[in-house]
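A.B. asks: Take this structure, written in structure tokens, and hold onto it; I'll ask about it next.
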Amino acid sequence: MASSANQIVAMVAGEPSGDILAARMLSGLRSMLPDAHLHGIGGSAMAEHGFVADYPMEKLAVRGLFEVLSHYREIKGIRDALRAQLLTERPGVFVGVDAPDFNLDLEIALKEAGIPTAHFISPSIWAWRRNRIKKIARAVSHMLVIFPFEEEIYKKAGIPATYVGHPLAELIPMDADQNAARNKLALEQSARVIAIMPGSRLSEIKYNSDAFIGAAEMLLKRDKHIRFIVPMAGPAQRAYFEKIIGEERIKKCELTIIEGDSHTALAASDAVLVASGTATLEVALFKKPMVISYRMNPASWQLLRLMAYQPWVGLPNIMAREFLVPELLQGRATPHTLASSLWVQLSSDQNRQRLRRRFIDLHHDLMRNTASESAHVVMQLLNNHR
């Protein structure tokens with residue numbers, strides 16, 4: 001068992017999806033270390049397990065190469081201050097949760113100082129920036145991976161790695177209760193419901209929302225009875241979305257906007273328009289037809305295109321190694337193309353059944369006791385550091 005002197009666990013999660021994943025680990029770790037001090041950067045889900053945020057997680061939730069540059073000085077200041085704090089404190093272990101641009105440099109400094117480092121969720125080196133694995137080797141004592149194909153990549157590179165499954169596969173039921181979800185959201189049981197998910201970052205909402213709602217407006221011309229639900233990560237995201245879209249368009253589309261309950265929205269839906277990211281996997285685990293889309297700063301988009309190694313960006317397609325669901329990105333993400341693709345996803349029963357079978361298989365592939373397995377890796381690092 002780790003000594004009391006080493007029962008400090010520092011963590012950094014940089015966005016809402018990382019907060020959820022880190023909280024799953026903490027649910028297993030807290031029972032093993034009931035008196036440990038858990039702190040760093042995180043959100044409300046981590047706080048439920050006694051995690052103390054030294055800095056607001058929202059400061060790190062910036063996406064896009066040029067968007068990050070505009071916030072660089074503030075983000076670097078936070079990282080420098082946290083690094084100095086942790087080098088003085090010397091926690092028993094540091095866990096970086098995703099956010100590789102922030103966490104890897106921090107992990108290098110801590111590991112070089114003799115502090116064990118775990119990284120939970122591999123950067124997508126199988127998709128782009130493969131040379132990053134050299135930096136990861138310097139930064140990470142142990143990599144926790146959430147997709148089965150990732151473990152072998154790291155072991156070949158000589159980096160200890162453990163496949164712990166994807167926490168969402170445990171949290172999301174194999175068969176969600178659509179009727180109960182619709183009752184909770186006051187939606188008619190017979191309605192055709194589309195969930196619209198433009199992203200959790202403000203930059204994502206900025207670039208995706210107009211085209212997403214434009215698609216909703218076009219779909220209403222085909223079927224005036226379609227209902228739209230828009231889950232937002234929190235009040236700041238909701239306020240920004242409402243400002244961008246405007247009260248008139250929200251009323252015209254009869255948008256039901258909710259905060260912090262995306263899983264109920266997905267359970268209630270018949271089809272989903274979703275920004276690329278972790279949310280695409282959540283949609284697949286709810287066995288829903290979807291259209292994946294994404295827009296960003298044009299300069300960032302051109303750079304990312306040059307770095308890509310594979311034709312897919314959505315996690316369901318990456319895992320299937322084929323286009324199970326449509327991806328409409330950047331210039332292709334127009335209201336017309338989004339609406340046309342969504343109509344197929346909404347209307348084709350054959351497509352719905354095909355996707356359901358594939359998504360059930362995906363769900364089983366990702367099922368592990370993530371809380372326990374990830375916590376045991378952290379405990380091993382703590383005990384080896386005594």
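In the structure tokens, chains take letters A, B, ... by order of appearance, with residues numbered from 1 within each chain and ligands from 1 in the order shown.
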Mind checking DSSP for range 130-308 of chain A and telling me the alpha helix (DSSP H) residues as JSON, numbers by chain?

C.D. replies: {"A": [132, 133, 134, 135, 136, 137, 138, 139, 150, 151, 152, 153, 154, 155, 156, 167, 168, 169, 170, 171, 178, 179, 180, 181, 182, 183, 184, 202, 203, 204, 205, 206, 207, 208, 209, 210, 211, 212, 213, 214, 215, 216, 217, 218, 219, 220, 221, 222, 235, 236, 237, 238, 239, 240, 241, 242, 243, 244, 245, 247, 248, 249, 250, 251, 252, 262, 263, 264, 265, 266, 267, 268, 278, 279, 280, 281, 282, 283, 284, 285, 298, 299, 300, 301, 302, 303, 304, 305, 306, 307]}

A.B. asks: Do you know which residues are at most 8 Å from range 89-103 of chain A counting only C-alpha atoms, after dropping those on the same chain fewer than 6 positions away, and could you put them as a list of chain:residue names?

C.D. replies: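 The contact residues come out as A:Ala5, A:Asn6, A:Gln7, A:Ile8, A:Val9, A:Ala10, A:Met11, A:Val12, A:Ala13, A:Gly14, A:Glu15, A:Gly18, A:Leu21, A:Ala22, A:Arg79, A:Leu110, A:Ile115, A:Pro116, A:Thr117, A:Ala118, A:His119, A:Phe120, A:Ile121, A:Ser122, A:Pro123, A:Val378, A:Leu381, A:Leu382, A:His385.
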
A.B. asks: May I ask which of the residues A:Val230, A:Leu106, A:Val164, A:Met290 is the closest one to Val145 in chain A, counting only C-alpha atoms?

C.D. replies: A:Val164

A.B. asks: Using only C-alpha atoms, which protein or nucleic acid residues come within 7 Å of Ile146 in chain A? Drop anything in the same chain fewer than 2 positions from it, and give the result as a PDB file with N, CA and C atoms, in the first residue's frame.

C.D. replies:
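Ended up saving to around_39.pdb:
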ATOM      1  N   ILE A 121      -5.842   7.966 -21.892  1.00  0.00           N
ATOM      2  CA  ILE A 121      -6.330   8.228 -23.249  1.00  0.00           C
ATOM      3  C   ILE A 121      -5.155   8.633 -24.131  1.00  0.00           C
ATOM      4  N   LEU A 144      -2.484   4.455 -20.369  1.00  0.00           N
ATOM      5  CA  LEU A 144      -3.774   3.782 -20.238  1.00  0.00           C
ATOM      6  C   LEU A 144      -4.559   4.032 -21.519  1.00  0.00           C
ATOM      7  N   PRO A 148      -8.841  -1.142 -28.055  1.00  0.00           N
ATOM      8  CA  PRO A 148      -8.039  -2.368 -27.980  1.00  0.00           C
ATOM      9  C   PRO A 148      -6.830  -2.373 -28.903  1.00  0.00           C
ATOM     10  N   TYR A 163      -4.704  -1.771 -21.734  1.00  0.00           N
ATOM     11  CA  TYR A 163      -6.036  -1.491 -22.284  1.00  0.00           C
ATOM     12  C   TYR A 163      -7.049  -1.623 -21.157  1.00  0.00           C
ATOM     13  N   VAL A 164      -7.720  -0.520 -20.848  1.00  0.00           N
ATOM     14  CA  VAL A 164      -8.662  -0.510 -19.717  1.00  0.00           C
ATOM     15  C   VAL A 164     -10.109  -0.402 -20.173  1.00  0.00           C
ATOM     16  N   GLY A 165     -10.347  -0.491 -21.479  1.00  0.00           N
ATOM     17  CA  GLY A 165     -11.695  -0.325 -21.981  1.00  0.00           C
ATOM     18  C   GLY A 165     -12.087   1.136 -21.991  1.00  0.00           C
ATOM     19  N   HIS A 166     -13.224   1.407 -22.581  1.00  0.00           N
ATOM     20  CA  HIS A 166     -13.697   2.797 -22.617  1.00  0.00           C
ATOM     21  C   HIS A 166     -14.760   2.989 -21.543  1.00  0.00           C
TER      22      HIS A 166
END

A.B. asks: Please provide the set of residues having any atom within 8 Å of Met296 in chain A, restricted to only C-alpha atoms, with same-chain residues fewer than 6 positions apart removed, written as a short mmCIF file (atom, residue, chain, number, x, y, z; two decimals) with C-alpha atoms, in the first residue's frame.

C.D. replies:
data_model
loop_
_atom_site.label_atom_id
_atom_site.label_comp_id
_atom_site.auth_asym_id
_atom_site.auth_seq_id
_atom_site.Cartn_x
_atom_site.Cartn_y
_atom_site.Cartn_z
CA GLY A 64 -7.79 24.50 -33.28
CA SER A 203 -14.89 27.46 -30.66
CA GLU A 204 -16.79 24.38 -31.86
CA TYR A 207 -17.99 27.19 -36.25
CA ASN A 208 -20.61 24.41 -36.28
CA GLN A 330 -15.39 21.87 -43.37
#

A.B. asks: Under the rule of at most 10 Å, produce a per-residue listing of range 155-265 of chain A near range 359-374 of chain A: chain, number, name, the closest pair of atoms, and the distance in Å, as CSV, using only C-alpha atoms.

C.D. replies:
residue,atom,partner,partner_atom,distance
A:Thr162,CA,A:Ser374,CA,8.2
A:Tyr163,CA,A:Glu373,CA,8.5
A:Val164,CA,A:Thr370,CA,5.1
A:Gly165,CA,A:Arg368,CA,4.8
A:His166,CA,A:Leu366,CA,5.4
A:Pro167,CA,A:Thr370,CA,5.5
A:Leu168,CA,A:Leu366,CA,8.5
A:Ala169,CA,A:Met367,CA,5.3
A:Glu170,CA,A:Met367,CA,6.2
A:Leu171,CA,A:Met367,CA,9.8
A:Ile172,CA,A:His363,CA,9.2
A:Pro173,CA,A:His363,CA,9.4
A:Met174,CA,A:Ile360,CA,7.3
A:Asp175,CA,A:Ile360,CA,9.3

A.B. asks: Selection from above, C-alpha atoms, as a compact mmCIF listing (two decimals), in the first residue's frame, can you write it?

C.D. replies:
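That gives us again.txt:
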# COMPACT_ATOMS: atom_id res chain seq x y z
CA THR A 162 -2.74 -1.27 -20.42
CA TYR A 163 -6.04 -1.49 -22.28
CA VAL A 164 -8.66 -0.51 -19.72
CA GLY A 165 -11.70 -0.32 -21.98
CA HIS A 166 -13.70 2.80 -22.62
CA PRO A 167 -15.54 4.14 -19.54
CA LEU A 168 -18.49 5.19 -21.68
CA ALA A 169 -19.12 1.56 -22.62
CA GLU A 170 -19.95 0.86 -18.97
CA LEU A 171 -21.87 4.05 -18.32
CA ILE A 172 -24.14 3.78 -21.35
CA PRO A 173 -26.68 0.93 -21.26
CA MET A 174 -26.71 -1.63 -24.04
CA ASP A 175 -30.41 -0.84 -24.59

A.B. asks: Hey, what does DSSP flag as strand (DSSP E or B) within range 110-199 of chain A? Can you give it to me as a ChimeraX atom specification?

C.D. replies: /A:117-120,128,142-145,161-163,193-197

A.B. asks: Please indicate the distance in Å from CA of Leu187 in chain A to CA of Ser209 in chain A, rounded to one decimal place.

C.D. replies: 22.5 Å

A.B. asks: How far is it from CA of Val52 in chain A to CA of Leu82 in chain A, in Å with one decimal?

C.D. replies: 13.4 Å
